[in-house]
Amino acid sequence: MSLDAFKNRNIGSQNYVPVNIENYPTSGWDKFKQVVKRGVGKELFVGLWVVLREMLKFKIHTVQYPSEVLPIGPRYRAVHKLLRLLESGNERCIGCGLCEKICVADCIRMDTRVDENSRKEVVEYSINLGRCIFCGYCAEVCPELAIVHGSRYENVSEQRAHFVLKDDMLTPIDFLKQQKEFSGFGALSPNADQLVKKTPLAY
Amino acid sequence: MSEIKLTIDGKEIIANDGETILRIARANDIFIPAICYLERCSPTLACRLCLVEADGKQVYSCNAKAKDGMKVLTTTPNIKEERKAIMEVYDVNHPLECGVCDQSGECELQNYTLLEEVNNQRYSIKDTHKPVKNWGFIQYDPALCIVCEKCVTVCKDMIGDSALKTVPRDSEALDKNYKDTMPKDAYAMWNKLNKSLIGTSSGSTLDCTNCGECTSVCPVGALISKDFKYKSNAWELDKVPSTCAHCSVGCQIYYETKHTDISNSEQKIYRVSNESHFTTLCGAGRYGYDFQNNSSTGKDKSALKRAVEAVKNAGTIIFNSQITNEEAFILQKLKNKLGLKLVNNEAYKYAEFFKTYSHVVGKSLYSADLDYIRSCDFIISVGSALKTDSPNSRFAVNNAIKINKGASLYFHPVGDPVMESIKGVLQIKSKPYSEEQILSYILKRFGKNLPDNISKYLLNIDFSDVNFPDNFEATLDGMLKKKSRFGLIIGADLYSSPQAHNLAELVGLIEIYSDFKILLIPSDTNTLGVIKICQLDKSGNGKRIGYNEKADFTISAFGDGDFSVPALNQQEGTFLNIDKRVVPLNVALKFDGFELNDIANEILDEVHENTIDYTVELFNKIEFDKLSNEFSNSGEDLRGYVVNSSNIEKRDVTFHLAQSEKNRIQGKAIYLANPVLQFNKFTAKAHQLQEKGGLYVSPEYAKELSVVDGNNVLVATKNGSLKVSIIIDNKISGNLAILPTFDSNIDSRKLFDGYRFIEAKINKV
Ligand code: SF4
Ligand code: SF4
Ligand code: SF4
Ligand code: SF4
Ligand code: FES
């Protein structure tokens with residue numbers, strides 16, 4: 001977009017209030033006069049009064065973080081979650097290792113083994129959040145929609161390297177009902193069904 | 001071999017007559033898709049991907065020989081369509097389980113499906129239930145198998161066990177319409193594929209020598225190592241090219257390493273892999289990899305001081321040949337500086353044998369190598385339990401027989417059912433101490449223009465201990481028809497024989513007066529290197545230092561000594577292998593303690609930071625870092641370098657066979673050798689191979705002794721006795737029992753005189 005086109009964008013009709021900015025003083029003396037006028041004059045006290053008045057009225061306009069958290073869009077990429085299959089409660093992650101491979105910060109590690117049912121089991125899974133750049137590649141590459149980004153963006157730790165383990169990320173089994181299908185970065189597009197070619201079956 | 005000229009995709013190429021188009025293309029960096037082709041084996045012709053157009057005709061390039069003036073196109077629209085359809089067929093009903101499959105990332109099915117741009121499926125057939133089979137070290141998942149038959153081929157053409165075969169698949173017939181609508185080759189391939197699966201030749205379990213090579217050649221995840229299953233994705237592993245430390249063949253291997261687990265960043269070896277087109281591993285090399293020394297306590301200065309003092313005060317260093325050239329060189333330097341004796345019995349015997357032989361022929365090295373053996377069509381093996389002493393020599397014999405339509409005589413007192421089962425091998429169970437007779441026979445039969453004194457002498461030899469079968473001469477004449485390349489493999493029985501001197505002379509004479517080229521299998525990992533580098537002493541005196549051997553002060557890579565040094569998977573260095581090639585070893589796992597070089601630095605007048613600083617002083621004087629460890633596309637061995645044989649002073653044979661007294665074993669004998677999969681303490685330490693040794697007897701011998709697995713017996717020879725338990729081993733036959741050396745709890749050597757056979761009584765206790 002050229003600068004011209006950028007300036008003349010069609011932004012529709014909006015209720016813009018033009019702000020009248022008076023001419024700024026240019027000489028040193030004029031500037032000094034303005035400071036004195038605003039500081040000692042009534043403008044300062046006007047401001048203080050407004051604050052005091054609103055405080056007494058208990059009319060609060062800011063978000064009361066941390067007791068109140070704003071909802072975050074599904075495409076926001078915060079600390080990961082590992083999801084379960086809704087029907088069986090089984091872990092979705094099959095240990096294919098694609099997330100580990102694609103991770104640009106090389107911060108995913110996993111231990112796998114053969115479980116009692118001869119299936120591949122992911123015994124441990126960790127992400128070093130100190131290295132993770134929250135690019136979302138892992139969620140995008142995951143063929144099982146197992147690793148996804150959650151909305152928990154608060155990361156406090158004593159060291160740069162700090163890890164989330166499988167237990168920290170995995171939906172607790174009693175919260176299975178509350179698990180929401182992820183619709184953010186890496187999720188299936190709504191028209192995915194139409195994009196799939198059917199494989200012929202001889203049945 | 002004459003040269004021919006041809007063009008492939010317009011590129012002019014000069015090649016040897018008789019080569020296949022595929023090999024020529026590969027050698028010239030031209031890519032032709034191929035799944036079922038295996039270098040050094042006969043073409044399987046299962047996949048048909050290697051279709052090319054030669055002079056206007058479609059041929060399978062893995063099978064078709066190039067001709068002079070040929071014009072080859074590696075792809076045409078029709079071939080492209082065939083290949084795509086072939087890959088579609090392979091994908092029919094293939095489980096969508098790449099996500100967990102061990103092969104993912106190195107899977108030929110994945111690769112070619114992408115390469116041929118398969119993006120939808122046109123064909124279908126009803127799937128059947130095909131349960132997974134557990135075959136010892138190996139697991140077979142028929143659902144993943146694409147029936148390329150590479151596993152069958154390698155086991156037959158390379159290994160010689162022929163333990164796998166194709167078995168009928170229980171499936172429906174293909175839809176009739178496909179015959180007319182599908183590309184021709186794809187249909188034919190499918191038709192064949194749809195009829196078979198892989199099974200074992202011996203009933204429901206796999207009965208073989210467990211080399212695991214079938215898992216290595218399998219292009220998909222159908223044949224895998226059970227131990228490795230689901231432990232790591234292929235791409236997470238670092239491949240460290242190195243050399244197997246267990247026998248003198250010194251196969252090229254990759255140690256595949258990765259961090260131990262999430263919380264432990266220490267490297268761990270997860271598996272060993274190989275370039276199956278160019279090298280073939282035995283089970284010891286494949287599964288016996290984690291023998292590292294874990295007992296290091298870091299750089300312990302006081303321990304080093306103690307070790308230095310001990311070496312300075314010692315009179316003798318006892319060692320074995322599981323040691324690098326550089327370490328051997330350092331030992332020799334210590335000997336020069338301190339006037340120590342260097343004692344290594346096994347290498348000493350080999351050295352004496354070698355010396356006698358090489359002065360007879362006037363050459364500093366023997367004439368054959370394994371490549372030569374593979375190119376032979378008539379091979380004789382004397383004095384080696386080939387299958388366990390030198391597995392790759394066995395593979396080479398088998399390969400030569402299969403590929404060159406060769407034949408082989410296998411002389412050994414211990415029956416070997418595997419050798420016996422190879423068509424073309426005549427096993428002759430000669431008696432112990434009969435090696436002289438065998439070699440004399442070979443000289444007599446194959447020698448040309450023998451000097452009078454020798455032929456006169458040979459006239460008087462009796463061959464009664466060789467146990468020739470009936471009609472042997474006629475059989476041999478049959479075997480020798482149209483044979484032109486001859487190889488003679490000599491094993492460790494001869495080096496330790498009381499008649500070693502005469503035997504060595506006979507071997508020399510065979511080389512001089514017949515068409516045979518000789519391979520003297522080095523009796524341990526780096527015996528050849530050791531004897532070329534060290535001046536060994538017959539015996540020692542004074543205080544003894546043991547380098548990987550128990551002594552007054554033991555320096556050990558095993559972790560059980562007074563001073564710990566790195567094991568062979570923890571250090572850099574070189575071996576001189578059976579092919580007379582200097583091959584490099586690399587560090588797969590870290591060792592943070594001191595090594596032999598640190599002791600030497602305190603004693604010698606020269607100081608070297610690394611052990612491999614000595615490499616440049618050895619053989620062809622090439623630096624360690626200049627040694628490559630790879631094969632070229634055409635299969636040329638580029639590892640390290642070959643040490644050339646030089647002419648040395650020729651001496652007349654002393655040849656006093658007539659005087660040599662007859663050694664005989666009257667009653668039953670035992671043999672000093674290891675079972676399949678074991679070589680030494682290190683293989684026995686590896687987690688997959690851990691086992692207890694015992695007295696190995698063949699099933700029929702067990703019956704004769706009326707013992708069963710686990711029975712305790714007392715084995716007594718004139719030198720002492722040992723209580724061991726019976727292990728029934730169906731990989732040997734006849735009534736000669738085997739006592740192993742790999743188990744450090746069985747001091748088997750004390751029962752023997754040096755020769756590998758001795759008379760013994762076996763009594764149940
Ligand atoms: S990509 Fe998904 S299924 Fe694969 S290992 Fe990662 S989280 Fe598990
Ligand atoms: S064999 Fe290859 S294609 Fe089949 S599941 Fe394994 S990786 Fe995938
Ligand atoms: S098991 Fe592997 S090597 Fe053997 S036929 Fe099947 S795919 Fe080929
Ligand atoms: S492990 Fe070796 S000997 Fe056994 S079936 Fe496989 S290739 Fe044959
Ligand atoms: S490679 Fe030639 S048929 Fe498979």
# chains A, B, ... in the order shown; residues from 1 in each chain; ligands from 1
call {"tool": "residues_near_ligand", "arguments": {"ligand": "ligand 3", "cutoff": "6 Å", "atoms": "only C-alpha atoms and all ligand atoms", "output": "mmCIF file with N, CA and C atoms, in the first residue's frame"}}
result
data_model
loop_
_atom_site.group_PDB
_atom_site.id
_atom_site.type_symbol
_atom_site.label_atom_id
_atom_site.label_comp_id
_atom_site.auth_asym_id
_atom_site.auth_seq_id
_atom_site.Cartn_x
_atom_site.Cartn_y
_atom_site.Cartn_z
ATOM 1 N N CYS B 145 4.244 -54.499 6.055
ATOM 2 C CA CYS B 145 5.172 -55.109 5.090
ATOM 3 C C CYS B 145 4.710 -54.863 3.661
ATOM 4 N N ILE B 146 5.648 -54.459 2.805
ATOM 5 C CA ILE B 146 5.301 -54.248 1.401
ATOM 6 C C ILE B 146 5.823 -55.400 0.526
ATOM 7 N N VAL B 147 6.271 -56.455 1.194
ATOM 8 C CA VAL B 147 6.741 -57.674 0.511
ATOM 9 C C VAL B 147 7.740 -57.366 -0.607
ATOM 10 N N CYS B 148 8.711 -56.581 -0.249
ATOM 11 C CA CYS B 148 9.789 -56.308 -1.195
ATOM 12 C C CYS B 148 10.766 -57.473 -1.206
ATOM 13 N N GLU B 149 10.665 -58.324 -0.194
ATOM 14 C CA GLU B 149 11.494 -59.528 -0.080
ATOM 15 C C GLU B 149 12.976 -59.259 0.130
ATOM 16 N N LYS B 150 13.273 -58.024 0.505
ATOM 17 C CA LYS B 150 14.677 -57.718 0.776
ATOM 18 C C LYS B 150 15.205 -58.545 1.952
ATOM 19 N N CYS B 151 14.335 -58.732 2.942
ATOM 20 C CA CYS B 151 14.764 -59.474 4.132
ATOM 21 C C CYS B 151 15.086 -60.913 3.765
ATOM 22 N N VAL B 217 17.669 -53.902 6.447
ATOM 23 C CA VAL B 217 17.344 -53.698 5.027
ATOM 24 C C VAL B 217 15.880 -53.345 4.807
ATOM 25 N N CYS B 218 15.026 -53.644 5.765
ATOM 26 C CA CYS B 218 13.595 -53.422 5.568
ATOM 27 C C CYS B 218 13.326 -51.942 5.278
ATOM 28 N N PRO B 219 12.733 -51.652 4.126
ATOM 29 C CA PRO B 219 12.545 -50.245 3.759
ATOM 30 C C PRO B 219 11.442 -49.559 4.562
ATOM 31 N N VAL B 220 10.613 -50.358 5.215
ATOM 32 C CA VAL B 220 9.517 -49.799 6.007
ATOM 33 C C VAL B 220 9.670 -50.256 7.457
ATOM 34 N N ALA B 222 8.305 -52.672 8.981
ATOM 35 C CA ALA B 222 7.721 -53.994 9.187
ATOM 36 C C ALA B 222 8.601 -54.897 10.026
ATOM 37 N N LEU B 223 9.907 -54.838 9.805
ATOM 38 C CA LEU B 223 10.829 -55.621 10.618
ATOM 39 C C LEU B 223 11.632 -54.646 11.454
#
call {"tool": "residues_near_ligand", "arguments": {"ligand": "ligand 5", "cutoff": "9 Å", "atoms": "only C-alpha atoms and all ligand atoms", "output": "PyMOL selection string"}}
result
chain B and resi 22+32-38+43-51+60-63+148
call {"tool": "write_last_selection", "arguments": {"atoms": "N, CA, C and O atoms", "output": "compact mmCIF listing (two decimals), in the first residue's frame"}}
result
# COMPACT_ATOMS: atom_id res chain seq x y z
N LEU B 22 21.38 -50.00 -13.10
CA LEU B 22 21.16 -49.30 -11.83
C LEU B 22 22.49 -48.98 -11.14
O LEU B 22 22.71 -47.87 -10.67
N ILE B 32 17.84 -43.40 -9.90
CA ILE B 32 16.74 -44.24 -10.41
C ILE B 32 16.03 -44.78 -9.18
O ILE B 32 16.67 -45.37 -8.30
N PRO B 33 14.72 -44.60 -9.07
CA PRO B 33 14.01 -45.13 -7.90
C PRO B 33 14.20 -46.64 -7.81
O PRO B 33 14.25 -47.32 -8.84
N ALA B 34 14.32 -47.15 -6.61
CA ALA B 34 14.44 -48.60 -6.42
C ALA B 34 14.19 -48.89 -4.95
O ALA B 34 14.75 -48.22 -4.09
N ILE B 35 13.33 -49.84 -4.67
CA ILE B 35 13.10 -50.20 -3.27
C ILE B 35 13.69 -51.57 -2.96
O ILE B 35 14.35 -51.76 -1.96
N CYS B 36 13.50 -52.52 -3.84
CA CYS B 36 13.83 -53.90 -3.45
C CYS B 36 15.26 -54.27 -3.78
O CYS B 36 15.72 -55.34 -3.43
N TYR B 37 16.00 -53.41 -4.46
CA TYR B 37 17.36 -53.77 -4.84
C TYR B 37 18.30 -53.67 -3.64
O TYR B 37 18.23 -52.74 -2.86
N LEU B 38 19.15 -54.65 -3.52
CA LEU B 38 20.13 -54.66 -2.44
C LEU B 38 21.49 -54.94 -3.03
O LEU B 38 21.71 -55.97 -3.66
N PRO B 43 19.16 -59.62 -7.59
CA PRO B 43 18.00 -58.74 -7.68
C PRO B 43 16.72 -59.48 -7.28
O PRO B 43 16.51 -60.62 -7.68
N THR B 44 15.90 -58.80 -6.49
CA THR B 44 14.67 -59.42 -6.01
C THR B 44 13.53 -59.27 -7.03
O THR B 44 12.62 -60.08 -7.09
N LEU B 45 13.59 -58.19 -7.79
CA LEU B 45 12.58 -57.90 -8.81
C LEU B 45 11.16 -57.90 -8.26
O LEU B 45 10.24 -58.46 -8.83
N ALA B 46 10.99 -57.30 -7.10
CA ALA B 46 9.67 -57.25 -6.50
C ALA B 46 9.00 -55.90 -6.75
O ALA B 46 7.80 -55.85 -7.02
N CYS B 47 9.76 -54.81 -6.67
CA CYS B 47 9.09 -53.51 -6.63
C CYS B 47 8.82 -52.91 -8.01
O CYS B 47 7.89 -52.15 -8.19
N ARG B 48 9.65 -53.20 -8.95
CA ARG B 48 9.52 -52.74 -10.33
C ARG B 48 9.61 -51.22 -10.49
O ARG B 48 9.29 -50.67 -11.53
N LEU B 49 10.04 -50.56 -9.43
CA LEU B 49 10.18 -49.10 -9.53
C LEU B 49 11.36 -48.72 -10.39
O LEU B 49 11.42 -47.60 -10.90
N CYS B 50 12.29 -49.63 -10.53
CA CYS B 50 13.54 -49.28 -11.20
C CYS B 50 13.43 -49.35 -12.71
O CYS B 50 14.42 -49.30 -13.41
N LEU B 51 12.18 -49.45 -13.18
CA LEU B 51 11.93 -49.43 -14.62
C LEU B 51 12.66 -48.28 -15.31
O LEU B 51 12.58 -47.14 -14.86
N TYR B 60 14.05 -53.62 -16.26
CA TYR B 60 14.28 -53.34 -14.84
C TYR B 60 15.77 -53.10 -14.65
O TYR B 60 16.58 -54.00 -14.85
N SER B 61 16.10 -51.91 -14.25
CA SER B 61 17.51 -51.53 -14.27
C SER B 61 18.33 -52.26 -13.21
O SER B 61 19.54 -52.34 -13.30
N CYS B 62 17.68 -52.80 -12.18
CA CYS B 62 18.45 -53.49 -11.15
C CYS B 62 18.90 -54.85 -11.65
O CYS B 62 19.76 -55.48 -11.05
N ASN B 63 18.32 -55.28 -12.74
CA ASN B 63 18.59 -56.62 -13.25
C ASN B 63 19.24 -56.58 -14.63
O ASN B 63 20.03 -57.43 -14.98
N CYS B 148 8.71 -56.58 -0.25
CA CYS B 148 9.79 -56.31 -1.19
C CYS B 148 10.77 -57.47 -1.21
O CYS B 148 11.61 -57.56 -2.09
call {"tool": "residues_around", "arguments": {"residues": "region 388-403 of chain B", "least_positions_apart": "6", "cutoff": "7 Å", "atoms": "only C-alpha atoms", "output": "ChimeraX atom specification"}}
result
/B:41-42,157-160,247,249,282,370,373-377,379,424,674-676
call {"tool": "write_last_selection", "arguments": {"atoms": "N, CA, C and O atoms", "output": "mmCIF file, in the first residue's frame"}}
result
data_model
loop_
_atom_site.group_PDB
_atom_site.id
_atom_site.type_symbol
_atom_site.label_atom_id
_atom_site.label_comp_id
_atom_site.auth_asym_id
_atom_site.auth_seq_id
_atom_site.Cartn_x
_atom_site.Cartn_y
_atom_site.Cartn_z
ATOM 1 N N CYS B 41 23.613 -58.394 -3.484
ATOM 2 C CA CYS B 41 22.715 -59.551 -3.468
ATOM 3 C C CYS B 41 22.067 -59.695 -4.853
ATOM 4 O O CYS B 41 22.136 -58.790 -5.669
ATOM 5 N N SER B 42 21.413 -60.828 -5.044
ATOM 6 C CA SER B 42 20.776 -61.007 -6.348
ATOM 7 C C SER B 42 19.506 -60.153 -6.402
ATOM 8 O O SER B 42 18.838 -59.960 -5.391
ATOM 9 N N ASP B 157 21.128 -64.507 0.553
ATOM 10 C CA ASP B 157 22.308 -64.216 -0.268
ATOM 11 C C ASP B 157 23.486 -63.693 0.530
ATOM 12 O O ASP B 157 24.632 -63.825 0.119
ATOM 13 N N MET B 158 23.215 -63.029 1.625
ATOM 14 C CA MET B 158 24.317 -62.441 2.373
ATOM 15 C C MET B 158 24.616 -63.246 3.628
ATOM 16 O O MET B 158 25.725 -63.716 3.833
ATOM 17 N N ILE B 159 23.631 -63.434 4.475
ATOM 18 C CA ILE B 159 23.872 -64.042 5.780
ATOM 19 C C ILE B 159 24.074 -65.551 5.660
ATOM 20 O O ILE B 159 24.988 -66.117 6.253
ATOM 21 N N GLY B 160 23.202 -66.190 4.943
ATOM 22 C CA GLY B 160 23.348 -67.637 4.780
ATOM 23 C C GLY B 160 22.472 -68.449 5.708
ATOM 24 O O GLY B 160 22.504 -69.668 5.684
ATOM 25 N N CYS B 247 35.052 -57.772 16.514
ATOM 26 C CA CYS B 247 35.918 -58.767 15.863
ATOM 27 C C CYS B 247 36.769 -58.085 14.815
ATOM 28 O O CYS B 247 36.629 -56.907 14.542
ATOM 29 N N VAL B 249 36.859 -58.008 11.729
ATOM 30 C CA VAL B 249 36.316 -57.464 10.488
ATOM 31 C C VAL B 249 36.181 -55.940 10.600
ATOM 32 O O VAL B 249 36.380 -55.214 9.648
ATOM 33 N N CYS B 282 26.774 -58.495 12.231
ATOM 34 C CA CYS B 282 26.283 -59.671 12.941
ATOM 35 C C CYS B 282 25.553 -59.172 14.188
ATOM 36 O O CYS B 282 25.558 -57.981 14.491
ATOM 37 N N LEU B 370 38.227 -59.543 2.415
ATOM 38 C CA LEU B 370 36.864 -60.073 2.306
ATOM 39 C C LEU B 370 36.230 -59.753 0.955
ATOM 40 O O LEU B 370 35.414 -60.517 0.455
ATOM 41 N N ILE B 373 37.292 -62.494 -1.168
ATOM 42 C CA ILE B 373 36.554 -63.726 -0.858
ATOM 43 C C ILE B 373 35.160 -63.660 -1.496
ATOM 44 O O ILE B 373 34.676 -64.617 -2.068
ATOM 45 N N ARG B 374 34.541 -62.495 -1.404
ATOM 46 C CA ARG B 374 33.201 -62.354 -2.002
ATOM 47 C C ARG B 374 33.231 -62.531 -3.523
ATOM 48 O O ARG B 374 32.223 -62.825 -4.132
ATOM 49 N N SER B 375 34.403 -62.314 -4.113
ATOM 50 C CA SER B 375 34.477 -62.439 -5.576
ATOM 51 C C SER B 375 34.906 -63.840 -6.002
ATOM 52 O O SER B 375 34.995 -64.129 -7.185
ATOM 53 N N CYS B 376 35.191 -64.710 -5.029
ATOM 54 C CA CYS B 376 35.681 -66.056 -5.350
ATOM 55 C C CYS B 376 34.534 -66.955 -5.799
ATOM 56 O O CYS B 376 33.374 -66.692 -5.528
ATOM 57 N N ASP B 377 34.909 -68.064 -6.444
ATOM 58 C CA ASP B 377 33.886 -69.080 -6.666
ATOM 59 C C ASP B 377 34.269 -70.419 -6.044
ATOM 60 O O ASP B 377 33.517 -71.368 -6.102
ATOM 61 N N ILE B 379 36.019 -71.597 -2.288
ATOM 62 C CA ILE B 379 36.635 -71.135 -1.044
ATOM 63 C C ILE B 379 36.815 -72.319 -0.113
ATOM 64 O O ILE B 379 35.910 -73.142 0.042
ATOM 65 N N GLY B 424 26.100 -75.833 -1.530
ATOM 66 C CA GLY B 424 27.378 -75.461 -2.126
ATOM 67 C C GLY B 424 28.515 -75.594 -1.128
ATOM 68 O O GLY B 424 29.674 -75.593 -1.505
ATOM 69 N N ASN B 674 33.273 -69.056 21.311
ATOM 70 C CA ASN B 674 32.095 -68.417 21.878
ATOM 71 C C ASN B 674 30.843 -68.767 21.101
ATOM 72 O O ASN B 674 30.910 -69.106 19.929
ATOM 73 N N PRO B 675 29.693 -68.674 21.768
ATOM 74 C CA PRO B 675 28.450 -68.940 21.058
ATOM 75 C C PRO B 675 28.081 -67.749 20.163
ATOM 76 O O PRO B 675 28.701 -66.684 20.259
ATOM 77 N N VAL B 676 27.106 -67.940 19.335
ATOM 78 C CA VAL B 676 26.609 -66.861 18.482
ATOM 79 C C VAL B 676 26.262 -65.648 19.356
ATOM 80 O O VAL B 676 25.730 -65.809 20.465
#
call {"tool": "atom_distance", "arguments": {"atom1": "CA of Asp462 (chain B)", "atom2": "CA of Leu519 (chain B)"}}
result
25.8 Å
call {"tool": "closest_residue", "arguments": {"among": "A:Ser183, A:Thr171, A:Thr112, A:Ser151", "to": "ligand 1", "atoms": "only C-alpha atoms and all ligand atoms"}}
result
A:Thr112
call {"tool": "closest_atom_pairs", "arguments": {"of": "chain A", "to": "chain B", "cutoff": "6 Å", "atoms": "only C-alpha atoms", "output": "tab-separated table"}}
result
residue	atom	partner	partner_atom	distance
A:Cys96	CA	B:Gly99	CA	4.3
A:Thr112	CA	B:Lys231	CA	5.4
A:Arg113	CA	B:Tyr230	CA	5.1
A:Val114	CA	B:Tyr230	CA	5.8
A:Lys120	CA	B:Tyr230	CA	5.9
A:Thr199	CA	B:Gln121	CA	5.6
A:Pro200	CA	B:Ser124	CA	6.0
A:Leu201	CA	B:Ser124	CA	5.7
A:Ala202	CA	B:Ile125	CA	5.1
call {"tool": "write_last_selection", "arguments": {"atoms": "all heavy atoms", "output": "tab-separated table (two decimals), in the first residue's frame"}}
result
chain	number	residue	atom	x	y	z
A	96	CYS	N	4.40	-38.80	18.06
A	96	CYS	CA	4.98	-38.85	16.72
A	96	CYS	C	6.24	-38.01	16.63
A	96	CYS	O	7.05	-38.18	15.72
A	96	CYS	CB	3.99	-38.37	15.66
A	96	CYS	SG	3.69	-36.60	15.72
A	112	THR	N	9.38	-41.62	25.09
A	112	THR	CA	8.32	-42.55	24.68
A	112	THR	C	8.75	-43.98	24.96
A	112	THR	O	9.93	-44.26	25.15
A	112	THR	CB	8.03	-42.41	23.18
A	112	THR	OG1	9.25	-42.59	22.47
A	112	THR	CG2	7.45	-41.07	22.83
A	113	ARG	N	7.77	-44.86	24.97
A	113	ARG	CA	8.08	-46.29	25.16
A	113	ARG	C	6.90	-47.12	24.66
A	113	ARG	O	5.87	-46.56	24.28
A	113	ARG	CB	8.34	-46.59	26.64
A	113	ARG	CG	7.13	-46.28	27.51
A	113	ARG	CD	7.20	-46.99	28.84
A	113	ARG	NE	5.87	-47.02	29.43
A	113	ARG	CZ	5.41	-48.03	30.16
A	113	ARG	NH1	6.17	-49.07	30.38
A	113	ARG	NH2	4.20	-48.00	30.64
A	114	VAL	N	7.05	-48.42	24.69
A	114	VAL	CA	5.94	-49.30	24.34
A	114	VAL	C	5.15	-49.55	25.62
A	114	VAL	O	5.73	-49.93	26.63
A	114	VAL	CB	6.45	-50.66	23.82
A	114	VAL	CG1	5.29	-51.50	23.31
A	114	VAL	CG2	7.48	-50.48	22.74
A	120	LYS	N	2.34	-46.97	21.48
A	120	LYS	CA	3.39	-46.02	21.83
A	120	LYS	C	2.85	-45.10	22.92
A	120	LYS	O	1.77	-44.52	22.77
A	120	LYS	CB	3.78	-45.21	20.60
A	120	LYS	CG	5.05	-44.39	20.78
A	120	LYS	CD	5.49	-43.81	19.45
A	120	LYS	CE	6.84	-43.13	19.52
A	120	LYS	NZ	7.29	-42.67	18.20
A	199	THR	N	-10.78	-41.96	0.09
A	199	THR	CA	-10.08	-43.15	-0.39
A	199	THR	C	-11.12	-44.24	-0.67
A	199	THR	O	-11.97	-44.49	0.18
A	199	THR	CB	-9.11	-43.64	0.69
A	199	THR	OG1	-8.16	-42.63	0.94
A	199	THR	CG2	-8.38	-44.90	0.24
A	200	PRO	N	-11.05	-44.87	-1.84
A	200	PRO	CA	-12.04	-45.91	-2.12
A	200	PRO	C	-11.86	-47.08	-1.16
A	200	PRO	O	-10.75	-47.41	-0.78
A	200	PRO	CB	-11.71	-46.34	-3.55
A	200	PRO	CG	-10.32	-45.89	-3.80
A	200	PRO	CD	-10.10	-44.69	-2.94
A	201	LEU	N	-12.97	-47.66	-0.75
A	201	LEU	CA	-12.91	-48.79	0.16
A	201	LEU	C	-13.60	-49.97	-0.49
A	201	LEU	O	-14.66	-49.81	-1.10
A	201	LEU	CB	-13.62	-48.46	1.47
A	201	LEU	CG	-12.82	-47.75	2.54
A	201	LEU	CD1	-13.68	-47.49	3.75
A	201	LEU	CD2	-11.58	-48.52	2.91
A	202	ALA	N	-13.03	-51.17	-0.31
A	202	ALA	CA	-13.64	-52.33	-0.95
A	202	ALA	C	-14.59	-53.05	0.01
A	202	ALA	O	-14.51	-54.25	0.18
A	202	ALA	CB	-12.54	-53.27	-1.43
call {"tool": "residues_near_ligand", "arguments": {"ligand": "ligand 4", "cutoff": "10 Å", "atoms": "only C-alpha atoms and all ligand atoms", "output": "NGL selection string"}}
result
:B and (135-138 or 150-165 or 199-201 or 206-217 or 223 or 225 or 280-283 or 418)
call {"tool": "residues_near_ligand", "arguments": {"ligand": "ligand 1", "cutoff": "6 Å", "atoms": "only C-alpha atoms and all ligand atoms", "output": "list in words"}}
result
Cys93, Ile94, Gly95, Cys96, Gly97, Leu98, Cys99, Val141, Cys142, Pro143, Glu144, Ala146 and Ile147 of chain A
call {"tool": "write_last_selection", "arguments": {"atoms": "N, CA and C atoms", "output": "compact mmCIF listing (two decimals), in the first residue's frame"}}
result
# COMPACT_ATOMS: atom_id res chain seq x y z
N CYS A 93 -2.04 -37.22 22.25
CA CYS A 93 -0.66 -37.25 21.75
C CYS A 93 -0.23 -38.70 21.53
N ILE A 94 0.28 -38.98 20.33
CA ILE A 94 0.72 -40.34 20.01
C ILE A 94 2.23 -40.45 20.04
N GLY A 95 2.89 -39.35 20.34
CA GLY A 95 4.35 -39.40 20.40
C GLY A 95 5.01 -39.43 19.05
N CYS A 96 4.40 -38.80 18.06
CA CYS A 96 4.98 -38.85 16.72
C CYS A 96 6.24 -38.01 16.63
N GLY A 97 6.39 -37.07 17.56
CA GLY A 97 7.63 -36.31 17.59
C GLY A 97 7.72 -35.19 16.59
N LEU A 98 6.63 -34.91 15.87
CA LEU A 98 6.72 -33.85 14.86
C LEU A 98 6.89 -32.48 15.50
N CYS A 99 6.25 -32.30 16.66
CA CYS A 99 6.38 -31.01 17.35
C CYS A 99 7.81 -30.80 17.81
N VAL A 141 1.66 -28.27 13.46
CA VAL A 141 2.13 -29.51 12.84
C VAL A 141 1.44 -30.73 13.44
N CYS A 142 0.92 -30.61 14.65
CA CYS A 142 0.41 -31.78 15.36
C CYS A 142 -0.75 -32.44 14.60
N PRO A 143 -0.56 -33.69 14.18
CA PRO A 143 -1.59 -34.35 13.39
C PRO A 143 -2.80 -34.76 14.23
N GLU A 144 -2.67 -34.73 15.53
CA GLU A 144 -3.73 -35.22 16.41
C GLU A 144 -4.47 -34.11 17.12
N ALA A 146 -3.30 -32.49 19.42
CA ALA A 146 -3.03 -32.81 20.82
C ALA A 146 -2.37 -31.64 21.52
N ILE A 147 -1.35 -31.10 20.92
CA ILE A 147 -0.72 -29.94 21.56
C ILE A 147 -1.34 -28.70 20.96
